[in-house]
Amino acid sequence: MKVYCKDCQKKLPLDATTCKCGASVDPYAVLGEDEVRPFIQKLHKKTNDLRHLLSHCLSFLVIGLILLVIAFFFYYLAFGTETIDGEKVAVLNTKCSEFWVSMVALIAGGAAFLGGSITGIIVAYNKRQILFDIDQIRETRSLACKPVDIIFVVWAKALGAKIRHWIWLAKMKKEVK
Ligand SMILES: [Zn+2]
């Protein structure tokens, strides 16, 4: 669990007593209705900023994908044919400029793709956490918040519930027969 600083919305460990901004922190304090609303508004603004960041990550992903396609295209162009023992064979020419273009595009595209996806996952997770925190703060009026489940855990739980339901249905059908 973590607790928000009331003044700067920074998240701190539950045992923190003061924030870096100088405000005192109390995970057991209960906020008044007039305090909850402005605080949640600030958190909503944070999720908006994260949404913009997420769209930048998406642009990086697209640029990365385009560069990767270019890389594969130039890699293909780097092949030439050679005659070995009277048979024509496709040979990769690592000295031609097409090969080097493909390598540069591969590295740049790979970096943009990986960077975009990893940053995107982190940002999306943070955004989910803040939205989850908003619900918690509304409900408990406390600034102490539980961590949100990782999306795979959510999916696994949903799948588990479905499977249990199917098993139950199958049992019921047997009993009816
Ligand atoms: Zn603070």
# chains A, B, ... in the order shown; residues from 1 in each chain; ligands from 1
$ residues_near_ligand --ligand "ligand 1" --cutoff "6 Å" --atoms "only C-alpha atoms and all ligand atoms" --output "ChimeraX atom specification"
/A:5,7-8,10,19-21,23
$ residues_around --residues "A:Lys45" --least-positions-apart "6" --cutoff "12 Å" --atoms "only C-alpha atoms" --output "list in words"
Gln9, Pro38, Phe39, Arg51, His52, Lys127, Ile130, Leu131 and Ile134 of chain A
$ residues_around --residues "stretch 108-119 of chain A" --least-positions-apart "3" --cutoff "6 Å" --atoms "only C-alpha atoms" --output "VMD selection string"
chain A and resid 57 60 to 61 64 67 to 68 105 122
$ write_last_selection --atoms "N, CA and C atoms" --output "PDB file, in the first residue's frame"
ATOM      1  N   CYS A  57       3.981   7.224 -27.228  1.00  0.00           N
ATOM      2  CA  CYS A  57       4.509   5.859 -27.280  1.00  0.00           C
ATOM      3  C   CYS A  57       3.980   5.147 -28.524  1.00  0.00           C
ATOM      4  N   PHE A  60       5.882   6.141 -31.537  1.00  0.00           N
ATOM      5  CA  PHE A  60       7.171   5.447 -31.587  1.00  0.00           C
ATOM      6  C   PHE A  60       6.993   4.024 -32.099  1.00  0.00           C
ATOM      7  N   LEU A  61       5.919   3.369 -31.642  1.00  0.00           N
ATOM      8  CA  LEU A  61       5.642   2.005 -32.094  1.00  0.00           C
ATOM      9  C   LEU A  61       5.458   1.967 -33.610  1.00  0.00           C
ATOM     10  N   GLY A  64       8.696   2.681 -35.399  1.00  0.00           N
ATOM     11  CA  GLY A  64       9.519   1.487 -35.270  1.00  0.00           C
ATOM     12  C   GLY A  64       9.114   0.410 -36.259  1.00  0.00           C
ATOM     13  N   LEU A  67      10.176   1.361 -39.798  1.00  0.00           N
ATOM     14  CA  LEU A  67      11.618   1.157 -39.967  1.00  0.00           C
ATOM     15  C   LEU A  67      11.949  -0.328 -40.092  1.00  0.00           C
ATOM     16  N   LEU A  68      11.231  -1.165 -39.352  1.00  0.00           N
ATOM     17  CA  LEU A  68      11.491  -2.608 -39.425  1.00  0.00           C
ATOM     18  C   LEU A  68      11.115  -3.149 -40.802  1.00  0.00           C
ATOM     19  N   ALA A 105      18.436   0.485 -40.135  1.00  0.00           N
ATOM     20  CA  ALA A 105      16.976   0.551 -39.967  1.00  0.00           C
ATOM     21  C   ALA A 105      16.516  -0.475 -38.931  1.00  0.00           C
ATOM     22  N   ILE A 122       4.408   0.656 -19.177  1.00  0.00           N
ATOM     23  CA  ILE A 122       4.597   1.284 -17.861  1.00  0.00           C
ATOM     24  C   ILE A 122       3.591   2.429 -17.676  1.00  0.00           C
TER      25      ILE A 122
END
$ select_by_dssp --residues "stretch 69-161 of chain A" --states "helix (DSSP H, G or I)" --output "VMD selection string"
chain A and resid 69 to 77 97 to 140 151 to 161
$ residues_around --residues "A:Asp34" --least-positions-apart "6" --cutoff "12 Å" --atoms "only C-alpha atoms" --output "list in words"
Ile40, Gln41, Arg138 and Arg141 of chain A
$ write_last_selection --atoms "C-alpha atoms" --output "compact mmCIF listing (two decimals), in the first residue's frame"
# COMPACT_ATOMS: atom_id res chain seq x y z
CA ILE A 40 -9.47 13.70 -7.47
CA GLN A 41 -9.52 16.49 -10.06
CA ARG A 138 -13.85 8.21 -3.39
CA ARG A 141 -11.84 9.07 1.69
$ select_by_dssp --residues "stretch 8-167 of chain A" --states "strand (DSSP E)" --output "VMD selection string"
chain A and resid 11 to 13 79 to 84 87 to 92 144 to 145
$ write_last_selection --atoms "C-alpha atoms" --output "mmCIF file, in the first residue's frame"
data_model
loop_
_atom_site.group_PDB
_atom_site.id
_atom_site.type_symbol
_atom_site.label_atom_id
_atom_site.label_comp_id
_atom_site.auth_asym_id
_atom_site.auth_seq_id
_atom_site.Cartn_x
_atom_site.Cartn_y
_atom_site.Cartn_z
ATOM 1 C CA LYS A 11 3.004 8.614 -3.804
ATOM 2 C CA LEU A 12 4.898 7.673 -0.666
ATOM 3 C CA PRO A 13 5.424 4.530 1.396
ATOM 4 C CA PHE A 79 20.860 -10.476 -51.793
ATOM 5 C CA GLY A 80 22.548 -11.102 -55.123
ATOM 6 C CA THR A 81 22.911 -14.223 -57.207
ATOM 7 C CA GLU A 82 26.141 -16.075 -57.654
ATOM 8 C CA THR A 83 26.874 -19.058 -59.808
ATOM 9 C CA ILE A 84 28.352 -21.902 -57.771
ATOM 10 C CA GLU A 87 23.908 -23.379 -60.220
ATOM 11 C CA LYS A 88 22.522 -19.943 -59.432
ATOM 12 C CA VAL A 89 22.419 -19.369 -55.678
ATOM 13 C CA ALA A 90 21.116 -16.376 -53.694
ATOM 14 C CA VAL A 91 23.950 -14.929 -51.594
ATOM 15 C CA LEU A 92 23.794 -12.155 -49.004
ATOM 16 C CA ALA A 144 -3.813 5.348 1.338
ATOM 17 C CA CYS A 145 -4.293 3.164 -1.749
#
$ atom_distance --atom1 "atom CA of A:Leu143" --atom2 "atom CA of A:Tyr4"
5.3 Å
$ closest_residue --among "A:Leu58, A:Ala161, A:Leu50, A:Leu106" --to "A:Tyr75" --atoms "only C-alpha atoms"
A:Leu106
$ closest_residue --among "A:Ile107, A:Asn126, A:Tyr28, A:Arg37" --to "A:Asp49" --atoms "only C-alpha atoms"
A:Asn126
$ closest_residue --among "A:Lys6, A:Lys146, A:His56, A:Lys174" --to "A:Leu31" --atoms "only C-alpha atoms"
A:Lys6
$ residues_around --residues "A:Asp26" --least-positions-apart "4" --cutoff "8 Å" --atoms "only C-alpha atoms" --output "PyMOL selection string"
chain A and resi 3+16-17
